[in-house]
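Enquirer: My structure is stored as data_4.cif, with mmCIF, C-alpha atoms.
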```
data_coords
#
loop_
_atom_site.group_PDB
_atom_site.id
_atom_site.type_symbol
_atom_site.label_atom_id
_atom_site.label_comp_id
_atom_site.auth_asym_id
_atom_site.auth_seq_id
_atom_site.Cartn_x
_atom_site.Cartn_y
_atom_site.Cartn_z
ATOM 1 C CA MET M 1 133.369 -85.477 304.502
ATOM 2 C CA PRO M 2 134.317 -84.455 300.939
ATOM 3 C CA ARG M 3 132.163 -81.984 299.056
ATOM 4 C CA SER M 4 129.999 -83.525 296.381
ATOM 5 C CA PHE M 5 128.492 -81.922 293.293
ATOM 6 C CA GLU M 6 125.881 -83.265 290.925
ATOM 7 C CA GLY M 7 123.182 -82.007 288.641
ATOM 8 C CA ASP M 8 119.470 -82.460 289.042
ATOM 9 C CA LEU M 9 116.671 -83.253 286.608
ATOM 10 C CA ASP M 10 114.893 -79.886 286.523
ATOM 11 C CA ALA M 11 114.966 -78.639 282.931
ATOM 12 C CA ALA M 12 112.624 -75.696 283.509
ATOM 13 C CA ALA M 13 115.175 -72.905 283.073
ATOM 14 C CA LEU M 14 117.361 -74.603 280.464
ATOM 15 C CA ARG M 15 117.734 -74.270 276.687
ATOM 16 C CA PHE M 16 118.438 -77.326 274.533
ATOM 17 C CA GLY M 17 119.538 -77.877 270.980
ATOM 18 C CA VAL M 18 118.643 -81.260 269.509
ATOM 19 C CA ILE M 19 120.484 -82.357 266.380
ATOM 20 C CA ALA M 20 118.849 -85.343 264.662
ATOM 21 C CA SER M 21 119.885 -87.066 261.467
ATOM 22 C CA ARG M 22 117.388 -88.007 258.768
ATOM 23 C CA PHE M 23 119.250 -91.149 257.660
ATOM 24 C CA ASN M 24 117.458 -94.183 259.157
ATOM 25 C CA ASP M 25 114.653 -91.731 259.835
ATOM 26 C CA GLU M 26 112.177 -94.336 261.105
ATOM 27 C CA ILE M 27 114.617 -95.075 263.944
ATOM 28 C CA VAL M 28 115.740 -91.512 264.602
ATOM 29 C CA GLU M 29 112.119 -90.331 264.840
ATOM 30 C CA GLY M 30 111.683 -92.692 267.798
ATOM 31 C CA LEU M 31 114.843 -91.313 269.416
ATOM 32 C CA LEU M 32 113.632 -87.767 268.829
ATOM 33 C CA ARG M 33 110.207 -88.503 270.317
ATOM 34 C CA GLY M 34 111.876 -90.017 273.373
ATOM 35 C CA ALA M 35 114.190 -87.024 273.827
ATOM 36 C CA LEU M 36 111.392 -84.481 273.456
ATOM 37 C CA GLU M 37 109.124 -86.398 275.849
ATOM 38 C CA CYS M 38 111.920 -86.524 278.430
ATOM 39 C CA LEU M 39 112.629 -82.810 278.146
ATOM 40 C CA ALA M 40 108.929 -81.959 278.468
ATOM 41 C CA ARG M 41 108.419 -84.316 281.396
ATOM 42 C CA HIS M 42 111.282 -82.636 283.234
ATOM 43 C CA GLY M 43 109.978 -79.111 282.690
ATOM 44 C CA ALA M 44 111.628 -77.818 279.519
ATOM 45 C CA ALA M 45 109.422 -75.332 277.685
ATOM 46 C CA ASP M 46 108.705 -75.909 273.992
ATOM 47 C CA ASP M 47 110.282 -72.570 273.100
ATOM 48 C CA ALA M 48 113.466 -73.571 274.967
ATOM 49 C CA ILE M 49 114.059 -76.488 272.583
ATOM 50 C CA SER M 50 115.385 -76.100 269.043
ATOM 51 C CA VAL M 51 115.479 -79.137 266.752
ATOM 52 C CA TYR M 52 117.897 -79.222 263.837
ATOM 53 C CA ARG M 53 117.770 -81.949 261.176
ATOM 54 C CA VAL M 54 120.860 -83.006 259.242
ATOM 55 C CA PRO M 55 121.216 -85.562 256.416
ATOM 56 C CA GLY M 56 123.136 -88.200 258.381
ATOM 57 C CA ALA M 57 125.178 -88.903 261.499
ATOM 58 C CA PHE M 58 128.367 -87.673 259.827
ATOM 59 C CA GLU M 59 126.916 -84.158 259.593
ATOM 60 C CA ILE M 60 125.954 -83.927 263.284
ATOM 61 C CA PRO M 61 129.369 -82.733 264.561
ATOM 62 C CA THR M 62 129.647 -80.095 261.822
ATOM 63 C CA LEU M 63 126.342 -78.537 262.832
ATOM 64 C CA VAL M 64 127.158 -78.808 266.541
ATOM 65 C CA GLY M 65 130.293 -76.749 265.960
ATOM 66 C CA ALA M 66 128.302 -74.066 264.136
ATOM 67 C CA LEU M 67 125.483 -73.630 266.658
ATOM 68 C CA PRO M 68 125.268 -70.448 268.720
ATOM 69 C CA ALA M 69 126.329 -70.474 272.357
ATOM 70 C CA GLU M 70 122.764 -69.931 273.608
ATOM 71 C CA PHE M 71 122.207 -73.544 274.668
ATOM 72 C CA ASP M 72 122.796 -75.132 278.057
ATOM 73 C CA ALA M 73 123.213 -78.549 276.439
ATOM 74 C CA LEU M 74 123.003 -80.253 273.069
ATOM 75 C CA ILE M 75 121.566 -83.669 272.283
ATOM 76 C CA ALA M 76 122.915 -85.580 269.275
ATOM 77 C CA LEU M 77 120.570 -88.219 267.826
ATOM 78 C CA GLY M 78 121.258 -90.615 264.998
ATOM 79 C CA CYS M 79 121.406 -94.257 263.964
ATOM 80 C CA ILE M 80 124.348 -96.011 262.375
ATOM 81 C CA LEU M 81 123.608 -99.581 261.271
ATOM 82 C CA ARG M 82 126.323 -102.123 260.535
ATOM 83 C CA GLY M 83 126.516 -103.114 256.888
ATOM 84 C CA ASP M 84 128.743 -105.339 254.786
ATOM 85 C CA THR M 85 131.683 -102.914 254.635
ATOM 86 C CA PRO M 86 133.928 -101.224 257.234
ATOM 87 C CA HIS M 87 132.037 -97.960 256.670
ATOM 88 C CA PHE M 88 130.177 -98.559 259.982
ATOM 89 C CA GLU M 89 133.376 -98.475 262.051
ATOM 90 C CA PHE M 90 134.757 -95.389 260.315
ATOM 91 C CA LEU M 91 131.541 -93.448 260.689
ATOM 92 C CA ALA M 92 130.798 -94.489 264.282
ATOM 93 C CA ASN M 93 134.350 -93.702 265.409
ATOM 94 C CA GLN M 94 134.458 -90.342 263.646
ATOM 95 C CA VAL M 95 131.107 -89.117 264.969
ATOM 96 C CA THR M 96 131.912 -90.234 268.517
ATOM 97 C CA THR M 97 135.388 -88.695 268.502
ATOM 98 C CA GLU M 98 134.239 -85.392 267.027
ATOM 99 C CA LEU M 99 131.328 -84.958 269.436
ATOM 100 C CA SER M 100 133.579 -85.673 272.393
ATOM 101 C CA ARG M 101 136.168 -83.204 271.112
ATOM 102 C CA LEU M 102 133.554 -80.519 270.509
ATOM 103 C CA SER M 103 132.064 -80.940 273.967
ATOM 104 C CA SER M 104 135.477 -80.427 275.540
ATOM 105 C CA GLU M 105 136.436 -77.507 273.297
ATOM 106 C CA MET M 106 133.076 -75.743 273.572
ATOM 107 C CA ARG M 107 132.829 -76.483 277.313
ATOM 108 C CA LEU M 108 129.253 -77.547 276.676
ATOM 109 C CA PRO M 109 127.459 -80.789 277.531
ATOM 110 C CA ILE M 110 126.711 -82.782 274.390
ATOM 111 C CA ALA M 111 124.603 -85.855 275.128
ATOM 112 C CA PHE M 112 125.340 -88.802 272.863
ATOM 113 C CA GLY M 113 122.188 -90.374 271.459
ATOM 114 C CA VAL M 114 123.722 -91.737 268.265
ATOM 115 C CA ILE M 115 122.994 -95.432 268.422
ATOM 116 C CA THR M 116 125.290 -97.916 266.704
ATOM 117 C CA CYS M 117 123.591 -101.226 266.059
ATOM 118 C CA ASP M 118 124.422 -104.491 264.360
ATOM 119 C CA THR M 119 120.815 -105.098 263.261
ATOM 120 C CA MET M 120 117.641 -103.202 262.510
ATOM 121 C CA GLN M 121 115.948 -105.103 265.355
ATOM 122 C CA GLN M 122 118.482 -103.710 267.843
ATOM 123 C CA ALA M 123 117.823 -100.204 266.498
ATOM 124 C CA ILE M 124 114.060 -100.662 266.855
ATOM 125 C CA GLU M 125 114.469 -101.839 270.460
ATOM 126 C CA ARG M 126 116.639 -98.814 271.331
ATOM 127 C CA SER M 127 114.301 -96.286 269.712
ATOM 128 C CA SER M 128 110.876 -97.621 270.699
ATOM 129 C CA SER M 129 108.686 -95.937 273.298
ATOM 130 C CA GLY M 130 109.225 -96.849 276.916
ATOM 131 C CA ALA M 131 112.185 -98.068 278.910
ATOM 132 C CA GLY M 132 115.431 -98.291 276.989
ATOM 133 C CA ASN M 133 114.747 -95.460 274.523
ATOM 134 C CA LYS M 134 118.210 -94.008 273.956
ATOM 135 C CA GLY M 135 116.812 -90.608 272.945
ATOM 136 C CA TRP M 136 115.149 -90.335 276.356
ATOM 137 C CA GLU M 137 118.372 -91.428 278.064
ATOM 138 C CA ALA M 138 120.448 -88.873 276.131
ATOM 139 C CA ALA M 139 118.020 -86.081 277.057
ATOM 140 C CA LEU M 140 118.134 -87.110 280.709
ATOM 141 C CA ALA M 141 121.940 -86.982 280.665
ATOM 142 C CA ALA M 142 121.785 -83.553 278.985
ATOM 143 C CA ILE M 143 119.529 -82.190 281.728
ATOM 144 C CA GLU M 144 121.712 -83.516 284.520
ATOM 145 C CA MET M 145 124.941 -82.271 282.945
ATOM 146 C CA ALA M 146 123.476 -78.833 282.148
ATOM 147 C CA THR M 147 122.362 -78.367 285.752
ATOM 148 C CA LEU M 148 125.741 -79.577 287.034
ATOM 149 C CA TRP M 149 127.544 -77.080 284.785
ATOM 150 C CA ARG M 150 125.312 -74.327 286.178
ATOM 151 C CA VAL M 151 126.363 -75.282 289.712
ATOM 152 C CA ILE M 152 130.030 -75.234 288.744
ATOM 153 C CA ARG M 153 129.799 -71.943 286.834
ATOM 154 C CA SER M 154 127.820 -70.238 289.601
ATOM 155 C CA GLY M 155 130.757 -70.570 291.961
ATOM 156 C CA LYS M 156 128.626 -72.301 294.623
ATOM 157 C CA LYS M 157 131.291 -74.804 295.414
#
```
Can you dump the structure from the file as structure tokens?

Expert:
Amino acid sequence: MPRSFEGDLDAAALRFGVIASRFNDEIVEGLLRGALECLARHGAADDAISVYRVPGAFEIPTLVGALPAEFDALIALGCILRGDTPHFEFLANQVTTELSRLSSEMRLPIAFGVITCDTMQQAIERSSSGAGNKGWEAALAAIEMATLWRVIRSGKK
């Protein structure tokens, strides 16, 4: 039987950094509420969560790269809505690529809660309370990955 490793959903001893954009704030606020509710529900203490606000999704990776190494995981939250120009594709691709690169380089879980939607209705559905809130889902992934990294780093293989 092969050995298997996975994280759990106990956030009690973990520290989180949440980076949320202000652009499309009415949507991002819903994502942020979902993420914070998830962290609290899974045991994260208020003083173990730091929330940073940036102007837009483009600025999220820059701040991620500048944050101190005190966090067990980061959660990136933003909303990029399709418009009439190719700006949507450029921005969505750049933010996704940079966050992935930073996660690998920093050896730190960065949960991706930057939603990319064709319509405002899609964004509302993905940021509303309840099932399907992508902020909640990103926080859940951050908890699981942070606990998995702790297992790996502890040498209990």

Enquirer: Could you jot down the atom CA of M:Ile143 to atom CA of M:Thr96 separation for me, Å, one decimal place?

Expert: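 If I compute the distance from atom CA of M:Ile143 to atom CA of M:Thr96, I get 19.8 Å.
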
Enquirer: Counting only C-alpha atoms, select every polymer residue within 10 Å of (125.2, -109.4, 259.1) as defined in the file's coordinates, and provide the selection as a list in words.

Expert: Arg82, Gly83, Asp84, Asp118 and Thr119 of chain M

Enquirer: Take the PyMOL selection byres ((chain M and resi 69) around 12), run it mentally on this structure, and tell me the resulting residues as a list in words.

Expert: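 In the shown coordinates, the PyMOL selection byres ((chain M and resi 69) around 12) covers Arg15, Phe16, Gly17, Val64, Gly65, Ala66, Leu67, Pro68, Glu70, Phe71, Asp72, Ala73, Leu74, Met106, Arg107, Leu108 and Pro109 of chain M.
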
Enquirer: Hey, can you pull every residue with an atom no more than 12 Å from (114.4, -101.9, 260.1), using only C-alpha atoms, and send it as number ranges by chain?

Expert: M: 24-28, 79-82, 117-128

Enquirer: Between atom CA of M:His42 and atom CA of M:Thr147, what is the spacing in Å?

Expert: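 Result for atom CA of M:Thr147 versus atom CA of M:His42: 12.1 Å, one decimal.
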
Enquirer: In Å to one decimal, how far is atom CA of M:Leu148 from atom CA of M:Ala48?

Expert: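 Taking atom CA of M:Ala48 and atom CA of M:Leu148, their separation equals 18.2 Å.
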
Enquirer: When you count all atoms listed in the file, which of these residues is closest to M:Ala141: M:Ile110, M:Val18, M:Leu32, M:Val54?

Expert: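 Of M:Ile110, M:Val18, M:Leu32, M:Val54, the one nearest M:Ala141, counting all atoms listed in the file, is M:Ile110.
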
Enquirer: Which is closest to M:Gly78 among M:Pro55, M:Gly130, M:Gly155, M:Gly113, if we use only C-alpha atoms?

Expert: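 That would be M:Gly113, the residue with the smallest distance to M:Gly78.
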
Enquirer: For M:Phe90, which residue out of M:Ala139, M:Ala57, M:Met1, M:Leu102 is the nearest one, using only C-alpha atoms?

Expert: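 With only C-alpha atoms as the atom set, the closest residue is M:Ala57.
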
Enquirer: Please write as number ranges by chain the full residue list that the PyMOL selection byres ((chain M and resi 4) around 12) yields on this file.

Expert: M: 1-3, 5-7, 148, 151-152, 156-157

Enquirer: May I ask which of the residues M:Asp8, M:Ile49, M:Ser103, M:Leu31 is the closest one to M:Ile115, counting all atoms listed in the file?

Expert: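 Among M:Asp8, M:Ile49, M:Ser103, M:Leu31, it is M:Leu31 that comes nearest to M:Ile115.
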
Enquirer: Pick out the closest residue to M:Arg33 from this set: M:Ala20, M:Ala45, M:Ser104, M:Pro86. Count all atoms listed in the file.

Expert: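 Closest candidate: M:Ala20.
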
Enquirer: What would the selection look like, as a list in words, if the PyMOL selection byres ((chain M and resi 137) around 9) were run on the coordinates I just shared?

Expert: Gly34, Ala35, Cys38, Ala111, Gly113, Gly132, Asn133, Lys134, Gly135, Trp136, Ala138, Ala139, Leu140, Ala141 and Ala142 of chain M

Enquirer: Which residue, M:Ala44, M:Leu99, M:Val51, M:Val114, has the smallest gap to M:Phe23 when you use only C-alpha atoms?

Expert: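 Among the listed residues, M:Val114 lies closest to M:Phe23.
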
Enquirer: Name all residues at most 10 Å from M:Glu59 (count only C-alpha atoms; drop same-chain ones fewer than 6 positions away) and give them as a compact mmCIF listing (two decimals) with C-alpha atoms, keeping the file's coordinate frame.

Expert:
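around37.txt was written with the following content:
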```txt
# COMPACT_ATOMS: atom_id res chain seq x y z
CA ILE M 19 120.48 -82.36 266.38
CA ALA M 20 118.85 -85.34 264.66
CA SER M 21 119.88 -87.07 261.47
CA ARG M 53 117.77 -81.95 261.18
CA VAL M 95 131.11 -89.12 264.97
```
